[in-house]
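Asker: Next up, entry.cif (mmCIF, C-alpha atoms).
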```cif
data_query
loop_
_atom_site.label_atom_id
_atom_site.label_comp_id
_atom_site.auth_asym_id
_atom_site.auth_seq_id
_atom_site.Cartn_x
_atom_site.Cartn_y
_atom_site.Cartn_z
CA MET Z 1 -8.51 119.27 243.86
CA THR Z 2 -4.90 119.94 243.09
CA ASP Z 3 -2.98 122.74 244.70
CA PRO Z 4 -2.62 125.50 242.09
CA LYS Z 5 1.08 125.62 242.70
CA THR Z 6 1.46 122.19 241.22
CA ILE Z 7 0.12 123.55 237.96
CA GLY Z 8 3.82 123.75 237.37
CA CYS Z 9 4.15 121.33 234.88
CA ALA Z 10 2.22 118.90 233.09
CA CYS Z 11 5.10 119.54 230.78
CA ALA Z 12 6.86 116.85 228.99
CA THR Z 13 10.46 117.00 228.19
CA THR Z 14 11.05 118.36 224.73
CA ALA Z 15 13.73 118.39 222.10
CA PRO Z 16 15.72 115.24 222.34
CA MET Z 17 19.32 115.95 223.02
CA PRO Z 18 21.99 113.83 221.50
CA ALA Z 19 23.29 111.75 224.35
CA ALA Z 20 26.33 113.08 226.08
CA LYS Z 21 27.78 109.63 226.31
CA PRO Z 22 27.41 106.71 223.92
CA SER Z 23 25.60 104.29 226.19
CA ALA Z 24 23.02 101.66 225.24
CA GLY Z 25 23.31 100.83 221.55
CA LEU Z 26 20.41 100.78 219.13
CA ALA Z 27 20.18 96.99 218.98
CA ARG Z 28 20.03 96.71 222.74
CA LEU Z 29 17.37 99.38 223.00
CA LEU Z 30 15.25 97.79 220.29
CA GLY Z 31 15.57 94.36 221.92
CA LEU Z 32 14.62 95.84 225.24
CA GLY Z 33 11.65 97.55 223.68
CA LEU Z 34 10.33 94.41 222.00
CA ALA Z 35 10.78 92.28 225.11
CA GLY Z 36 9.04 94.99 227.09
CA LEU Z 37 6.13 95.04 224.64
CA ALA Z 38 5.66 91.28 224.87
CA ALA Z 39 5.78 91.34 228.66
CA TRP Z 40 3.38 94.27 228.64
CA TYR Z 41 0.83 92.37 226.59
CA ALA Z 42 1.13 89.18 228.63
CA LEU Z 43 0.53 91.09 231.85
CA TYR Z 44 -2.24 93.27 230.48
CA SER Z 45 -4.34 90.34 229.28
CA GLN Z 46 -4.28 88.81 232.76
CA LEU Z 47 -5.36 91.87 234.70
CA LEU Z 48 -9.09 91.22 234.97
CA ALA Z 49 -8.71 87.63 236.14
CA PHE Z 50 -5.98 88.67 238.52
CA SER Z 51 -8.07 91.46 240.07
CA LYS Z 52 -10.96 89.07 240.68
CA TYR Z 53 -8.63 86.53 242.20
CA LEU Z 54 -7.11 89.18 244.43
CA ALA Z 55 -10.38 90.71 245.61
CA PHE Z 56 -12.65 87.69 245.87
CA ASP Z 57 -10.41 84.67 246.43
CA LEU Z 58 -7.40 86.02 248.20
CA ALA Z 59 -9.06 88.77 250.25
CA GLY Z 60 -12.25 86.75 250.58
CA LEU Z 61 -14.61 89.61 249.71
CA THR Z 62 -18.04 88.82 248.34
CA PRO Z 63 -18.65 89.67 244.68
CA GLY Z 64 -21.48 92.22 244.54
CA SER Z 65 -20.86 93.60 248.03
CA HIS Z 66 -19.96 97.29 248.41
CA LEU Z 67 -16.44 96.68 249.58
CA GLY Z 68 -15.85 93.81 247.16
CA GLU Z 69 -16.92 95.89 244.15
CA ALA Z 70 -14.85 98.89 245.23
CA VAL Z 71 -11.72 96.82 245.84
CA GLN Z 72 -12.01 94.87 242.62
CA PHE Z 73 -12.57 98.11 240.67
CA PHE Z 74 -9.44 99.56 242.23
CA VAL Z 75 -7.13 96.59 241.73
CA TYR Z 76 -8.29 96.16 238.14
CA ASP Z 77 -8.34 99.76 236.95
CA THR Z 78 -5.19 101.04 238.59
CA PRO Z 79 -2.73 98.67 236.89
CA LYS Z 80 -4.75 98.80 233.67
CA VAL Z 81 -4.61 102.56 233.36
CA LEU Z 82 -1.00 102.78 234.47
CA MET Z 83 0.04 100.17 231.91
CA LEU Z 84 -1.85 101.91 229.11
CA LEU Z 85 -0.27 105.16 230.19
CA VAL Z 86 3.25 103.75 229.99
CA LEU Z 87 2.67 102.42 226.49
CA VAL Z 88 1.04 105.54 225.09
CA VAL Z 89 3.39 107.99 226.76
CA PHE Z 90 6.27 106.08 225.23
CA GLY Z 91 4.68 106.24 221.78
CA VAL Z 92 3.89 109.93 222.11
CA GLY Z 93 7.42 110.50 223.43
CA LEU Z 94 8.79 109.01 220.21
CA LEU Z 95 6.46 111.19 218.16
CA ARG Z 96 7.49 114.25 220.10
CA SER Z 97 11.10 113.73 219.23
CA PHE Z 98 9.98 114.74 215.73
CA ILE Z 99 7.54 117.51 216.60
CA THR Z 100 9.16 120.11 218.81
CA VAL Z 101 7.67 123.44 219.80
CA ASP Z 102 10.16 125.19 217.57
CA TRP Z 103 9.13 123.11 214.59
CA THR Z 104 5.43 123.75 215.26
CA ARG Z 105 6.04 127.46 215.48
CA ARG Z 106 7.86 127.61 212.17
CA PHE Z 107 5.28 125.37 210.56
CA LEU Z 108 2.31 127.48 211.69
CA ALA Z 109 3.97 130.79 210.86
CA GLY Z 110 3.24 130.41 207.18
CA LYS Z 111 -0.39 129.36 207.62
CA ARG Z 112 -3.56 131.34 207.04
CA GLU Z 113 -6.46 131.36 209.45
CA SER Z 114 -9.07 128.59 209.12
CA ALA Z 115 -6.63 125.95 207.85
CA GLY Z 116 -4.21 127.33 210.42
CA ASN Z 117 -6.77 126.90 213.21
CA VAL Z 118 -7.33 123.26 212.28
CA LEU Z 119 -3.61 122.50 212.07
CA ALA Z 120 -2.87 124.34 215.31
CA ALA Z 121 -5.59 122.46 217.20
CA LEU Z 122 -4.29 119.12 215.92
CA LEU Z 123 -0.65 119.97 216.61
CA GLY Z 124 -1.66 121.06 220.10
CA VAL Z 125 -2.35 117.40 220.86
CA VAL Z 126 1.13 116.16 220.09
CA THR Z 127 3.38 119.15 220.68
CA PRO Z 128 4.90 119.09 224.13
CA PHE Z 129 3.30 121.79 226.22
CA CYS Z 130 2.96 122.82 229.80
CA SER Z 131 1.09 125.68 231.32
CA CYS Z 132 4.24 127.28 232.69
CA SER Z 133 5.49 127.43 229.12
CA ALA Z 134 2.31 129.09 227.89
CA VAL Z 135 3.74 132.60 227.95
CA PRO Z 136 7.08 132.01 226.22
CA LEU Z 137 5.19 129.91 223.70
CA PHE Z 138 2.63 132.63 223.11
CA ILE Z 139 5.42 135.14 222.51
CA GLY Z 140 7.21 132.72 220.23
CA PHE Z 141 4.11 132.12 218.13
CA VAL Z 142 3.03 135.74 217.87
CA THR Z 143 6.49 137.09 217.07
CA ALA Z 144 6.93 134.40 214.43
CA GLY Z 145 3.84 135.75 212.70
CA VAL Z 146 1.37 133.04 213.69
CA PRO Z 147 -2.08 134.74 213.64
CA LEU Z 148 -3.59 135.40 217.08
CA GLY Z 149 -6.60 133.13 216.53
CA VAL Z 150 -4.38 130.29 215.36
CA THR Z 151 -2.19 130.74 218.43
CA PHE Z 152 -5.29 130.44 220.60
CA SER Z 153 -6.43 127.29 218.85
CA PHE Z 154 -3.12 125.81 219.88
CA LEU Z 155 -3.29 127.17 223.44
CA ILE Z 156 -6.76 125.69 223.90
CA SER Z 157 -6.17 122.26 222.47
CA ALA Z 158 -2.72 121.70 224.00
CA PRO Z 159 -3.83 121.29 227.61
CA MET Z 160 -7.33 119.97 226.89
CA VAL Z 161 -6.70 117.22 224.38
CA ASN Z 162 -3.61 115.31 225.36
CA GLU Z 163 -2.42 111.75 225.41
CA ILE Z 164 -2.98 111.33 229.12
CA ALA Z 165 -6.64 112.37 228.91
CA LEU Z 166 -7.20 110.12 225.92
CA VAL Z 167 -5.55 107.09 227.50
CA MET Z 168 -7.54 107.45 230.67
CA LEU Z 169 -10.81 107.87 228.80
CA TYR Z 170 -10.04 104.89 226.62
CA GLY Z 171 -8.97 102.74 229.55
CA LEU Z 172 -11.90 103.59 231.80
CA LEU Z 173 -14.75 104.51 229.47
CA GLY Z 174 -13.94 102.88 226.15
CA TRP Z 175 -12.86 104.09 222.75
CA LYS Z 176 -16.16 105.71 221.79
CA ILE Z 177 -16.04 108.28 224.57
CA ALA Z 178 -12.33 108.82 224.01
CA ALA Z 179 -13.02 109.51 220.33
CA LEU Z 180 -15.92 111.83 221.19
CA TYR Z 181 -13.75 113.74 223.59
CA PHE Z 182 -10.97 114.02 221.03
CA ALA Z 183 -13.27 115.24 218.26
CA THR Z 184 -15.20 117.75 220.36
CA GLY Z 185 -12.07 119.03 222.12
CA ILE Z 186 -10.45 119.72 218.76
CA ALA Z 187 -13.67 121.32 217.51
CA VAL Z 188 -13.86 123.67 220.51
CA ALA Z 189 -10.20 124.66 219.96
CA ILE Z 190 -10.75 125.32 216.26
CA VAL Z 191 -13.97 127.29 216.63
CA ALA Z 192 -12.89 129.26 219.70
CA GLY Z 193 -9.54 130.16 218.11
CA TRP Z 194 -11.24 131.13 214.86
CA THR Z 195 -13.75 133.30 216.73
CA ILE Z 196 -11.01 135.08 218.65
CA GLY Z 197 -9.23 135.68 215.35
CA ARG Z 198 -12.40 137.22 213.85
CA LEU Z 199 -12.75 139.58 216.80
CA LYS Z 200 -9.50 141.31 215.81
CA MET Z 201 -8.16 141.60 219.31
CA GLU Z 202 -4.50 142.09 218.47
CA LYS Z 203 -4.48 145.45 220.28
CA HIS Z 204 -5.28 143.64 223.50
CA ILE Z 205 -1.92 141.95 223.56
CA GLU Z 206 0.46 143.73 225.91
CA GLY Z 207 2.54 146.17 223.86
CA TRP Z 208 5.94 144.89 224.89
CA VAL Z 209 5.23 141.52 223.32
CA LEU Z 210 4.81 143.03 219.88
CA ASP Z 211 8.00 145.06 220.28
CA ILE Z 212 10.12 142.03 220.85
CA ARG Z 213 12.43 141.15 218.09
CA ALA Z 214 12.72 137.55 219.03
CA GLY Z 215 16.13 136.12 218.48
CA GLU Z 216 16.57 133.22 216.13
CA ALA Z 217 18.50 130.88 218.26
CA ALA Z 218 20.58 128.06 216.99
CA LEU Z 219 19.14 125.14 218.90
CA PRO Z 220 21.55 122.61 220.27
CA GLY Z 221 22.37 119.29 218.80
CA GLY Z 222 22.28 117.79 215.37
CA ARG Z 223 19.73 115.32 214.07
CA PRO Z 224 18.88 112.83 216.78
CA THR Z 225 19.49 109.20 215.93
CA ILE Z 226 16.90 106.45 216.35
CA ALA Z 227 18.62 105.44 219.57
CA ASP Z 228 18.27 109.02 220.80
CA ARG Z 229 14.58 109.00 219.98
CA LEU Z 230 14.00 105.70 221.77
CA ARG Z 231 15.89 106.98 224.76
CA PHE Z 232 13.71 110.07 224.59
CA GLY Z 233 10.60 107.87 224.72
CA PHE Z 234 11.92 106.07 227.80
CA GLU Z 235 12.69 109.38 229.43
CA ALA Z 236 9.18 110.64 228.69
CA VAL Z 237 7.73 107.58 230.43
CA ARG Z 238 9.91 108.08 233.48
CA ASP Z 239 9.13 111.76 233.57
CA ILE Z 240 5.38 111.82 232.84
CA VAL Z 241 4.29 108.58 234.46
CA GLY Z 242 6.52 109.43 237.40
CA ARG Z 243 4.58 112.63 237.81
CA VAL Z 244 1.00 111.51 237.28
CA TRP Z 245 0.85 108.02 238.78
CA LEU Z 246 -0.14 109.33 242.18
CA TYR Z 247 -3.09 111.27 240.70
CA VAL Z 248 -4.16 108.18 238.81
CA VAL Z 249 -4.11 106.06 241.95
CA LEU Z 250 -5.89 108.67 244.07
CA GLY Z 251 -8.43 109.35 241.34
CA ILE Z 252 -9.19 105.67 240.92
CA ALA Z 253 -9.45 105.25 244.68
CA VAL Z 254 -12.10 107.98 244.85
CA GLY Z 255 -13.75 106.50 241.76
CA ALA Z 256 -13.72 103.06 243.37
CA GLY Z 257 -15.39 104.47 246.48
CA ILE Z 258 -18.16 106.05 244.38
CA HIS Z 259 -18.43 102.89 242.31
CA GLY Z 260 -18.93 100.67 245.33
CA TYR Z 261 -20.95 102.85 247.67
CA VAL Z 262 -22.99 105.47 245.82
CA PRO Z 263 -26.32 103.94 244.78
CA GLU Z 264 -27.10 103.49 241.07
CA GLY Z 265 -29.00 106.41 239.63
CA PHE Z 266 -28.16 108.61 242.61
CA LEU Z 267 -26.89 111.41 240.40
CA ALA Z 268 -29.56 111.12 237.74
CA GLY Z 269 -31.56 113.93 239.36
CA ILE Z 270 -28.65 116.34 239.84
CA MET Z 271 -26.39 115.60 236.91
CA GLY Z 272 -28.78 113.77 234.64
CA LYS Z 273 -30.19 114.79 231.28
CA GLY Z 274 -33.35 116.27 232.72
CA ALA Z 275 -31.56 119.01 234.58
CA TRP Z 276 -30.98 121.72 231.97
CA TRP Z 277 -29.02 123.85 234.40
CA ALA Z 278 -26.56 121.06 235.14
CA VAL Z 279 -24.32 121.90 232.17
CA PRO Z 280 -23.68 125.57 232.96
CA VAL Z 281 -23.32 124.81 236.66
CA SER Z 282 -20.76 122.09 235.87
CA VAL Z 283 -18.78 124.56 233.76
CA LEU Z 284 -18.96 127.23 236.45
CA ILE Z 285 -17.69 124.79 239.04
CA GLY Z 286 -15.08 123.41 236.68
CA VAL Z 287 -13.39 126.65 235.61
CA PRO Z 288 -11.79 127.64 238.92
CA MET Z 289 -10.92 124.03 239.68
CA TYR Z 290 -7.70 122.78 238.37
CA THR Z 291 -6.39 119.30 238.20
CA ASN Z 292 -4.91 117.25 235.47
CA ALA Z 293 -6.70 114.70 233.37
CA ALA Z 294 -5.16 111.87 235.34
CA GLY Z 295 -6.91 112.88 238.52
CA ILE Z 296 -10.31 113.81 237.15
CA ILE Z 297 -11.14 111.00 234.73
CA PRO Z 298 -11.55 108.13 237.21
CA ILE Z 299 -14.02 110.33 239.08
CA ILE Z 300 -15.83 111.15 235.85
CA ASP Z 301 -16.04 107.44 235.13
CA ALA Z 302 -17.65 106.74 238.46
CA LEU Z 303 -20.10 109.66 238.11
CA LEU Z 304 -21.23 108.38 234.73
CA GLY Z 305 -21.88 104.97 236.23
CA LYS Z 306 -24.24 106.54 238.75
CA GLY Z 307 -26.53 108.24 236.28
CA ALA Z 308 -24.81 111.52 235.44
CA ALA Z 309 -25.39 112.54 231.82
CA LEU Z 310 -22.48 112.26 229.41
CA GLY Z 311 -22.70 115.84 228.11
CA THR Z 312 -22.77 117.32 231.60
CA VAL Z 313 -19.79 115.23 232.65
CA LEU Z 314 -17.79 116.01 229.50
CA ALA Z 315 -18.45 119.72 229.96
CA PHE Z 316 -17.30 119.53 233.56
CA MET Z 317 -14.14 117.69 232.62
CA MET Z 318 -13.27 120.03 229.75
CA SER Z 319 -13.69 123.12 231.87
CA VAL Z 320 -11.55 121.67 234.63
CA ILE Z 321 -8.72 120.78 232.27
CA ALA Z 322 -8.89 123.54 229.66
CA LEU Z 323 -9.56 126.62 231.74
CA SER Z 324 -7.65 127.12 234.89
CA PHE Z 325 -7.20 130.12 237.11
CA PRO Z 326 -3.40 129.80 237.48
CA GLU Z 327 -3.02 129.75 233.70
CA MET Z 328 -5.03 132.96 233.41
CA VAL Z 329 -2.73 134.61 235.94
CA ILE Z 330 0.27 133.59 233.87
CA LEU Z 331 -1.32 134.74 230.62
CA ARG Z 332 -2.13 138.12 232.15
CA LYS Z 333 1.53 138.99 231.63
CA VAL Z 334 1.03 139.03 227.87
CA LEU Z 335 -2.71 139.62 227.45
CA LYS Z 336 -4.84 142.55 228.54
CA PRO Z 337 -7.81 141.68 230.77
CA ARG Z 338 -10.36 142.02 228.00
CA LEU Z 339 -8.65 139.45 225.81
CA ILE Z 340 -8.42 137.05 228.74
CA ALA Z 341 -12.12 137.55 229.40
CA VAL Z 342 -12.92 136.87 225.76
CA PHE Z 343 -10.71 133.78 225.81
CA VAL Z 344 -12.47 132.36 228.86
CA GLY Z 345 -15.90 133.36 227.53
CA VAL Z 346 -15.46 131.85 224.08
CA VAL Z 347 -13.98 128.60 225.37
CA ALA Z 348 -16.63 128.25 228.07
CA ALA Z 349 -19.35 128.85 225.46
CA GLY Z 350 -17.85 126.14 223.26
CA ILE Z 351 -17.79 123.72 226.18
CA LEU Z 352 -21.43 124.53 227.00
CA LEU Z 353 -22.41 123.71 223.44
CA VAL Z 354 -20.60 120.39 223.64
CA GLY Z 355 -22.38 119.59 226.89
CA TYR Z 356 -25.87 120.33 225.52
CA LEU Z 357 -25.12 118.60 222.24
CA PHE Z 358 -24.20 115.33 223.94
CA ASN Z 359 -27.05 115.47 226.39
CA ALA Z 360 -29.36 115.92 223.40
CA ILE Z 361 -28.05 113.15 221.16
CA VAL Z 362 -26.68 110.43 223.41
CA MET Y 1 34.92 132.51 233.41
CA LYS Y 2 31.72 131.12 231.99
CA THR Y 3 28.32 132.69 232.26
CA VAL Y 4 25.49 130.25 232.76
CA LYS Y 5 21.93 131.51 232.39
CA VAL Y 6 18.99 129.49 233.61
CA LEU Y 7 15.86 130.63 231.77
CA GLY Y 8 12.44 130.15 233.27
CA PRO Y 9 9.60 132.06 234.88
CA GLY Y 10 9.81 130.15 238.14
CA CYS Y 11 7.88 126.96 237.59
CA PRO Y 12 8.98 123.90 239.59
CA LYS Y 13 10.97 122.57 236.66
CA CYS Y 14 12.88 125.80 236.32
CA GLN Y 15 13.82 125.74 239.98
CA GLU Y 16 14.94 122.17 239.61
CA THR Y 17 17.10 123.18 236.66
CA TYR Y 18 18.66 125.99 238.67
CA LYS Y 19 19.46 123.57 241.46
CA VAL Y 20 21.07 121.05 239.11
CA VAL Y 21 23.15 123.76 237.48
CA THR Y 22 24.40 125.31 240.73
CA GLU Y 23 25.25 121.89 242.09
CA ALA Y 24 27.15 120.99 238.95
CA VAL Y 25 29.06 124.24 239.07
CA ALA Y 26 30.03 123.67 242.68
CA GLU Y 27 31.02 120.10 241.95
CA SER Y 28 33.17 120.87 238.94
CA GLY Y 29 34.94 123.76 240.61
CA ALA Y 30 34.68 125.61 237.30
CA GLN Y 31 34.80 129.39 237.26
CA ALA Y 32 31.22 130.10 236.35
CA GLN Y 33 28.62 132.65 237.18
CA VAL Y 34 25.08 131.31 237.37
CA GLU Y 35 22.25 133.66 236.60
CA LYS Y 36 18.50 133.24 236.75
CA VAL Y 37 16.53 134.84 233.93
CA SER Y 38 12.83 135.05 234.62
CA ASP Y 39 11.81 138.01 232.48
CA PHE Y 40 9.75 136.80 229.55
CA ALA Y 41 10.95 139.54 227.24
CA GLU Y 42 14.54 138.64 227.89
CA ILE Y 43 13.88 134.93 227.45
CA ALA Y 44 12.19 135.59 224.11
CA LYS Y 45 15.09 137.79 222.98
CA LEU Y 46 17.41 134.88 223.51
CA GLY Y 47 15.24 132.92 221.10
CA VAL Y 48 13.85 130.47 223.64
CA PHE Y 49 10.15 129.55 223.63
CA THR Y 50 10.03 126.60 225.92
CA THR Y 51 11.29 126.72 229.44
CA PRO Y 52 13.29 125.72 231.36
CA ALA Y 53 16.35 126.38 229.25
CA VAL Y 54 20.04 126.74 229.92
CA VAL Y 55 22.38 129.08 228.05
CA VAL Y 56 26.14 128.82 228.52
CA ASP Y 57 28.20 131.75 227.19
CA GLY Y 58 25.42 132.76 224.84
CA GLN Y 59 24.96 129.28 223.47
CA ILE Y 60 21.67 127.46 224.09
CA LYS Y 61 22.41 124.08 225.59
CA VAL Y 62 19.02 122.69 226.48
CA VAL Y 63 15.42 123.74 225.90
CA GLY Y 64 12.24 122.51 227.55
CA LYS Y 65 13.65 120.02 229.98
CA VAL Y 66 15.67 119.69 233.12
CA PRO Y 67 19.21 118.67 232.19
CA SER Y 68 21.00 115.96 234.11
CA LYS Y 69 23.96 116.94 236.22
CA LYS Y 70 26.19 114.95 233.89
CA GLU Y 71 25.05 117.05 230.93
CA VAL Y 72 25.72 120.27 232.79
CA LEU Y 73 29.18 119.08 233.81
CA ALA Y 74 29.97 118.39 230.15
CA TRP Y 75 29.00 121.97 229.20
CA LEU Y 76 31.19 123.39 231.94
CA ALA Y 77 34.27 121.44 231.00
#
```
Output the file's structure as structure tokens, nothing else.
Answerer:
Amino acid sequence: MTDPKTIGCACATTAPMPAAKPSAGLARLLGLGLAGLAAWYALYSQLLAFSKYLAFDLAGLTPGSHLGEAVQFFVYDTPKVLMLLVLVVFGVGLLRSFITVDWTRRFLAGKRESAGNVLAALLGVVTPFCSCSAVPLFIGFVTAGVPLGVTFSFLISAPMVNEIALVMLYGLLGWKIAALYFATGIAVAIVAGWTIGRLKMEKHIEGWVLDIRAGEAALPGGRPTIADRLRFGFEAVRDIVGRVWLYVVLGIAVGAGIHGYVPEGFLAGIMGKGAWWAVPVSVLIGVPMYTNAAGIIPIIDALLGKGAALGTVLAFMMSVIALSFPEMVILRKVLKPRLIAVFVGVVAAGILLVGYLFNAIV
Amino acid sequence: MKTVKVLGPGCPKCQETYKVVTEAVAESGAQAQVEKVSDFAEIAKLGVFTTPAVVVDGQIKVVGKVPSKKEVLAWLA
């Protein structure tokens, strides 16, 4: 999958800065936004017809043939997912201009466990986060007095449940699976964080972290204006979509290959419901693998189409996204090995439960 | 003489920030010393919890994103 070095950042830009220069005015930005939205919708509604035209009429491929199906899948899903991504990343970018890491930290500092776990897991979805920021963020939370378990709820949900994963699931698999993923991801973050809190593992944080008297910095800038926030949304699109589009295209290309060439039901024996061992094996394979949601979901989509069971596939995807080896290496700087082991163990157990649950009920 | 600190543990974004800052310093001809801060304890002491960040003469200028060269030039002026 992805080179661990590129773990670098799934990070979004944060805190909107008041613009250095007064450029595009509010009216112009709003006009641009509305025109963009209209154009977006017009294009989006034509994608399916266009993909069929492209694959079957223009390229002359036969509908139903291996190559024809693969090509049509690719030319339909790639623009569809990219367009959804642009829209949602923009919306989340706007939202993030309100919810900064600093705000989240202050907000959670006054919260008790339980309610705190729920809030932290939910805020993890919308607060900008990247794995290279995990350590400073951990220090920031702990020194601000956020309980350890609540901090973990945040650290689990932030990478696992994010707008990119949700958009891709919605675009490729429909809203039901996206909603399931959202709900179970949040549930794993809440329960795992709560469990870690109950285990009273504060002494397994490296001592120097607790000794830090974190400075209270005056953050730059005043209140951002609406124009600043809109500009922030545009920047988020450029930044995030600019970084993930290649994964999306590659992922969909692999997915298209599976879609066109792997026979229906091929995976039913290996990854189907009947194989009880499929869930733990998926998690075991998924933990050391690391890629972002953008790369893995098109593949997931194709696997599902070939008879893999939903629970098994969800468990695989969650373990790939939520637990990654490079992140553990980074966290080792602030956590003693036993706490890291507990973190991995508790989260993996939660993911296993999700996998079995869905295989049982769907 | 300004002191510019680039805060970050060494992720790609932090390196990018460092590059932008050094380029801006060279371009502006300002008297400035650029320093990389990668120690987490030190970063936290400065009150920063999202990296990369840039601190100019003790004042935090940007947190959690790579600044543009234009922004950096404005801080140096």
Asker: Up to 12 Å from chain Z, what residues of chain Y turn up? Count only C-alpha atoms and give them as number ranges by chain.
Answerer: Y: 7-16, 38-56, 58-75
Asker: Suppose you want the space between CA of Gly295 (chain Z) and CA of Val248 (chain Z); what is it in Å?
Answerer: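 Going from CA of Gly295 (chain Z) over to CA of Val248 (chain Z), I get 5.5 Å.
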Asker: Suppose you want the space between CA of Ala187 (chain Z) and CA of Arg243 (chain Z); what is it in Å?
Answerer: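 Taking CA of Ala187 (chain Z) and CA of Arg243 (chain Z), their separation equals 28.6 Å.
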Asker: Could you tell me how far CA of Val125 (chain Z) sits from CA of Asn162 (chain Z), in Å to one decimal place?
Answerer: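 The value is 5.1 Å.
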Asker: Which residues are near region 249-262 of chain Z? Cut-off 12 Å, all atoms listed in the file, ignore same chain within fewer than 3 positions. Put them as JSON, numbers by chain.
Answerer: {"Z": [1, 2, 63, 64, 65, 66, 67, 68, 69, 70, 71, 72, 73, 74, 75, 76, 77, 78, 79, 80, 81, 82, 168, 171, 172, 241, 243, 244, 245, 246, 265, 266, 267, 268, 291, 292, 293, 294, 295, 296, 297, 298, 299, 300, 301, 302, 303, 304, 305, 306, 307]}
Asker: Can you write just those residues out, C-alpha atoms, as a PDB file, in the coordinates of the input?
Answerer:
```
ATOM      1  CA  MET Z   1      -8.510 119.270 243.860  1.00  0.00           C
ATOM      2  CA  THR Z   2      -4.900 119.940 243.090  1.00  0.00           C
ATOM      3  CA  PRO Z  63     -18.650  89.670 244.680  1.00  0.00           C
ATOM      4  CA  GLY Z  64     -21.480  92.220 244.540  1.00  0.00           C
ATOM      5  CA  SER Z  65     -20.860  93.600 248.030  1.00  0.00           C
ATOM      6  CA  HIS Z  66     -19.960  97.290 248.410  1.00  0.00           C
ATOM      7  CA  LEU Z  67     -16.440  96.680 249.580  1.00  0.00           C
ATOM      8  CA  GLY Z  68     -15.850  93.810 247.160  1.00  0.00           C
ATOM      9  CA  GLU Z  69     -16.920  95.890 244.150  1.00  0.00           C
ATOM     10  CA  ALA Z  70     -14.850  98.890 245.230  1.00  0.00           C
ATOM     11  CA  VAL Z  71     -11.720  96.820 245.840  1.00  0.00           C
ATOM     12  CA  GLN Z  72     -12.010  94.870 242.620  1.00  0.00           C
ATOM     13  CA  PHE Z  73     -12.570  98.110 240.670  1.00  0.00           C
ATOM     14  CA  PHE Z  74      -9.440  99.560 242.230  1.00  0.00           C
ATOM     15  CA  VAL Z  75      -7.130  96.590 241.730  1.00  0.00           C
ATOM     16  CA  TYR Z  76      -8.290  96.160 238.140  1.00  0.00           C
ATOM     17  CA  ASP Z  77      -8.340  99.760 236.950  1.00  0.00           C
ATOM     18  CA  THR Z  78      -5.190 101.040 238.590  1.00  0.00           C
ATOM     19  CA  PRO Z  79      -2.730  98.670 236.890  1.00  0.00           C
ATOM     20  CA  LYS Z  80      -4.750  98.800 233.670  1.00  0.00           C
ATOM     21  CA  VAL Z  81      -4.610 102.560 233.360  1.00  0.00           C
ATOM     22  CA  LEU Z  82      -1.000 102.780 234.470  1.00  0.00           C
ATOM     23  CA  MET Z 168      -7.540 107.450 230.670  1.00  0.00           C
ATOM     24  CA  GLY Z 171      -8.970 102.740 229.550  1.00  0.00           C
ATOM     25  CA  LEU Z 172     -11.900 103.590 231.800  1.00  0.00           C
ATOM     26  CA  VAL Z 241       4.290 108.580 234.460  1.00  0.00           C
ATOM     27  CA  ARG Z 243       4.580 112.630 237.810  1.00  0.00           C
ATOM     28  CA  VAL Z 244       1.000 111.510 237.280  1.00  0.00           C
ATOM     29  CA  TRP Z 245       0.850 108.020 238.780  1.00  0.00           C
ATOM     30  CA  LEU Z 246      -0.140 109.330 242.180  1.00  0.00           C
ATOM     31  CA  GLY Z 265     -29.000 106.410 239.630  1.00  0.00           C
ATOM     32  CA  PHE Z 266     -28.160 108.610 242.610  1.00  0.00           C
ATOM     33  CA  LEU Z 267     -26.890 111.410 240.400  1.00  0.00           C
ATOM     34  CA  ALA Z 268     -29.560 111.120 237.740  1.00  0.00           C
ATOM     35  CA  THR Z 291      -6.390 119.300 238.200  1.00  0.00           C
ATOM     36  CA  ASN Z 292      -4.910 117.250 235.470  1.00  0.00           C
ATOM     37  CA  ALA Z 293      -6.700 114.700 233.370  1.00  0.00           C
ATOM     38  CA  ALA Z 294      -5.160 111.870 235.340  1.00  0.00           C
ATOM     39  CA  GLY Z 295      -6.910 112.880 238.520  1.00  0.00           C
ATOM     40  CA  ILE Z 296     -10.310 113.810 237.150  1.00  0.00           C
ATOM     41  CA  ILE Z 297     -11.140 111.000 234.730  1.00  0.00           C
ATOM     42  CA  PRO Z 298     -11.550 108.130 237.210  1.00  0.00           C
ATOM     43  CA  ILE Z 299     -14.020 110.330 239.080  1.00  0.00           C
ATOM     44  CA  ILE Z 300     -15.830 111.150 235.850  1.00  0.00           C
ATOM     45  CA  ASP Z 301     -16.040 107.440 235.130  1.00  0.00           C
ATOM     46  CA  ALA Z 302     -17.650 106.740 238.460  1.00  0.00           C
ATOM     47  CA  LEU Z 303     -20.100 109.660 238.110  1.00  0.00           C
ATOM     48  CA  LEU Z 304     -21.230 108.380 234.730  1.00  0.00           C
ATOM     49  CA  GLY Z 305     -21.880 104.970 236.230  1.00  0.00           C
ATOM     50  CA  LYS Z 306     -24.240 106.540 238.750  1.00  0.00           C
ATOM     51  CA  GLY Z 307     -26.530 108.240 236.280  1.00  0.00           C
TER      52      GLY Z 307
END
```
Asker: Can you tell me which residues surround Thr3 (chain Y) at a distance of at most 8 Å, considering only C-alpha atoms, apart from same-chain residues fewer than 5 positions away, and format the answer as a list in words?
Answerer: Ala32, Gln33, Val34, Glu35, Val56, Asp57 and Gly58 of chain Y
Asker: Pull C-alpha atoms from the residues just selected and write them as a compact mmCIF listing (two decimals), in the frame of the given file.
Answerer:
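Once everything was written out, this is out37.txt:
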```txt
# COMPACT_ATOMS: atom_id res chain seq x y z
CA ALA Y 32 31.22 130.10 236.35
CA GLN Y 33 28.62 132.65 237.18
CA VAL Y 34 25.08 131.31 237.37
CA GLU Y 35 22.25 133.66 236.60
CA VAL Y 56 26.14 128.82 228.52
CA ASP Y 57 28.20 131.75 227.19
CA GLY Y 58 25.42 132.76 224.84
```
